[in-house]
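Presented below is the structure to which this report refers.
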Amino acid sequence: MSDSYDVIVIGGGPGGYIAAIRAAQNGLKTGCIDKWVNHDGSTAFGGTCLNAGCIPSKAMLESSEWYERSGHEFGDMGIKISKVELDLATMQKRRAAIVKQFTGGVAQLLKANGVTAYEGAATLEKGNKVTVEGHDGKKQTLSAKNIILAAGSVPVELKPLPFDGKDIVDSWDALEFDSVPKRLGVIGAGVIGLEMGSVWRRLGSEVTILEALDEFLPMADAQVAKEAQKQFKRQGLDIRMGTKVTGAKKGKSGITLTYETAKGKETLEVDKVLVAVGRRPYAEGLLGKDTGVKLDQRGFVEVDEECFTGVEGVYAIGDLVRGPMLAHKASEEGVMVADLIAGKVAEVNYEAVPSIIYTAPEVAWVGKSEQALKKEGVPIKTGSFPFAANGRAKALNMAVGMVKMIAHKNTDEILGVHIVGPFASELIAEAVLAMEYRASAEDIQRTIHAHPTLSEALHEASLSVDNRALNTVNRR
């Protein structure tokens, strides 16, 4: 087997394996290298997303939501259940089975598309060469005309709370608790903190979330973030803003967290701690000497709008580079780079990258927030519609939250759509498509939406932009 390729991709996550498949589809001889090792010692492609992030967390979110709804909501819907019992072991087995199915599917896809897969740690060397150290310690050197760096990211660790894999954990270990913690402390009220906090609260934990920022979900639209925070608190999530964690001490009764607020020093007793303060690019061991690839002050690989590093034939995508750390963003960058290498026209529209928090209610948005647009001095008009006035949401017993649309005051072009409510993760796709084609609010107004559906809330929000909503009182 030749060790020379047209394209070598370092990383087998949603950015890497997609890039490798597209490169192979473009007729390029392609290799893909991944070093993932599971807790049980098994190896698998798919990166954090498939093995320990997106997919397993959504499995647990879904299972825990069904558990909570069966115990608290089914009676309201005319379904009587005498006793609801939690079988955490079976829930965890289901999660693991889903992960195995999808990671196995990635391996099959690589093989079916003619991509040569390598397992081990890869290092980019000078001259477009790659050293691969297999899990058995053996090394080999590969070369390629083009190399795509897609090594992903890892959780940020706090010095006062070093991970121990058991009591003070990252998001991966928090997925694999074999029992429900009585008291769970979560550091960080971002996407991971809210999602994992929701899972274990539904299953019976007393969850306290400590967030250093004073503003809840500052990356989301303020109106939507306020509504989401209200719903989470109503569910029982104890979210404490403006708290800086300074230490943790283990004792017989659990873990004592110390933190500072505007009122002074405070403490919190918990049994487990999830540290979810963000992720950082995973570049350790990735770059050899004199490769020419540069990292910025935060550890991100420096690239241009086409993910080119400035070194001939070397690109970087996904969590390694600027922009949101999202699987779908990484995948689209992988497709773009693979097409550019093949001489095709390709780009990523970074103005239309959706963000989603898979809580209940879900939170999703695309484009800019009202506060960001006002700060930029852009003339805007906004409209919103509550799910409380949506028939399908009522039938689902999920009538909370809203859809908010922001359009340019003069051109009517949609600049942002923000949703908190049922299946926001699915509804946001229409908004992404609309923004991709630079649609106006009127375009959505004139698009027929089936009745009764949740999507009607998006239609009504577009009408509300011009004070023309039909199923709620318009502003005057």
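Going by the structure tokens order, chains are called A, B, ..., each with residues numbered from 1, while ligands are numbered from 1 in the order shown.
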
Would you list the contacts of stretch 354-359 of chain A as a ChimeraX atom specification, taking every protein, DNA or RNA residue within 9 Å and counting only C-alpha atoms, but skipping same-chain residues closer than 3 positions in sequence? /A:58,61,190-192,194-196,198-199,220,232,324,326,328-329,351,362-367,423-425,428-429,431-432

Write out as a PDB file with N, CA and C atoms, in the first residue's frame the residues lying within 10 Å of A:Ala262, counting only C-alpha atoms and excluding same-chain residues fewer than 5 positions away.
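Written out: result17.pdb:
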```pdb
ATOM      1  N   GLY A 242     -23.125  35.201  37.997  1.00  0.00           N
ATOM      2  CA  GLY A 242     -22.123  36.032  38.655  1.00  0.00           C
ATOM      3  C   GLY A 242     -21.380  35.321  39.762  1.00  0.00           C
ATOM      4  N   THR A 243     -21.097  34.036  39.549  1.00  0.00           N
ATOM      5  CA  THR A 243     -20.388  33.250  40.570  1.00  0.00           C
ATOM      6  C   THR A 243     -19.053  32.761  40.018  1.00  0.00           C
ATOM      7  N   LYS A 244     -17.998  33.039  40.721  1.00  0.00           N
ATOM      8  CA  LYS A 244     -16.661  32.604  40.324  1.00  0.00           C
ATOM      9  C   LYS A 244     -16.184  31.518  41.281  1.00  0.00           C
TER      10      LYS A 244
END
```

Neighbouring residues of stretch 9-17 of chain A were defined as those with any atom within 8 Å, considering only C-alpha atoms; residues of the same chain fewer than 2 positions away were excluded. Please report them as a PyMOL selection string. chain A and resi 7+19-21+30-35+45-50+106+110+122+147-152+317-318+327-334

Could you save those same residues with C-alpha atoms as a compact mmCIF listing (two decimals), in the first residue's frame?
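Below you can see selection09.txt, which holds the result:
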```txt
# COMPACT_ATOMS: atom_id res chain seq x y z
CA VAL A 7 -5.30 14.31 0.73
CA ALA A 19 -13.81 16.04 4.58
CA ALA A 20 -12.21 12.68 3.81
CA ILE A 21 -15.36 11.27 2.22
CA THR A 30 -7.46 10.03 0.59
CA GLY A 31 -6.33 8.88 4.03
CA CYS A 32 -7.94 9.70 7.36
CA ILE A 33 -6.21 9.36 10.73
CA ASP A 34 -7.92 9.28 14.12
CA LYS A 35 -6.62 8.57 17.64
CA PHE A 45 -13.90 7.09 14.38
CA GLY A 46 -16.42 9.86 14.92
CA GLY A 47 -14.55 12.11 17.34
CA THR A 48 -16.08 13.71 20.40
CA CYS A 49 -19.39 14.32 18.64
CA LEU A 50 -20.29 10.69 17.98
CA VAL A 106 -18.47 6.06 9.98
CA LEU A 110 -14.88 5.60 4.92
CA ALA A 122 -0.75 12.01 13.90
CA ILE A 147 -3.37 17.95 4.47
CA ILE A 148 -6.50 18.90 6.40
CA LEU A 149 -6.11 19.41 10.15
CA ALA A 150 -9.32 18.42 11.95
CA ALA A 151 -8.16 17.42 15.42
CA GLY A 152 -11.14 18.97 17.22
CA ILE A 317 -11.18 23.15 9.99
CA GLY A 318 -13.70 22.74 12.79
CA ALA A 327 -20.23 19.80 14.45
CA HIS A 328 -22.22 21.05 11.47
CA LYS A 329 -19.91 24.02 11.02
CA ALA A 330 -16.94 21.63 10.99
CA SER A 331 -18.64 19.36 8.45
CA GLU A 332 -19.39 22.24 6.08
CA GLU A 333 -15.81 23.47 6.34
CA GLY A 334 -14.63 19.94 5.54
```

So that I can check the surroundings of stretch 340-350 of chain A, please list as a PDB file with C-alpha atoms, in the first residue's frame every protein, DNA and RNA residue that reaches within 8 Å of it, counting only C-alpha atoms and ignoring chain neighbours fewer than 5 positions away.
```pdb
ATOM      1  CA  ALA A  23     -12.272  14.344  -1.027  1.00  0.00           C
ATOM      2  CA  ASN A  26     -13.920  14.105  -5.799  1.00  0.00           C
ATOM      3  CA  LEU A  28      -8.703  12.157  -4.751  1.00  0.00           C
ATOM      4  CA  ASN A 146      -2.801  18.366   0.747  1.00  0.00           C
ATOM      5  CA  GLU A 306     -11.220  29.293   3.047  1.00  0.00           C
ATOM      6  CA  GLU A 332     -19.394  22.235   6.076  1.00  0.00           C
ATOM      7  CA  GLU A 333     -15.808  23.474   6.335  1.00  0.00           C
ATOM      8  CA  GLU A 436     -28.965  31.377   2.934  1.00  0.00           C
TER       9      GLU A 436
END
```

Residues of stretch 203-371 of chain A in alpha helix (DSSP H) according to DSSP, as a VMD selection string? chain A and resid 222 to 235 327 to 341 370 to 371

Please measure the separation of atom CA of A:Val400 and atom CA of A:Val180, giving the value in Å to one decimal.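 Atom-to-atom, atom CA of A:Val400 to atom CA of A:Val180, that is 27.7 Å.
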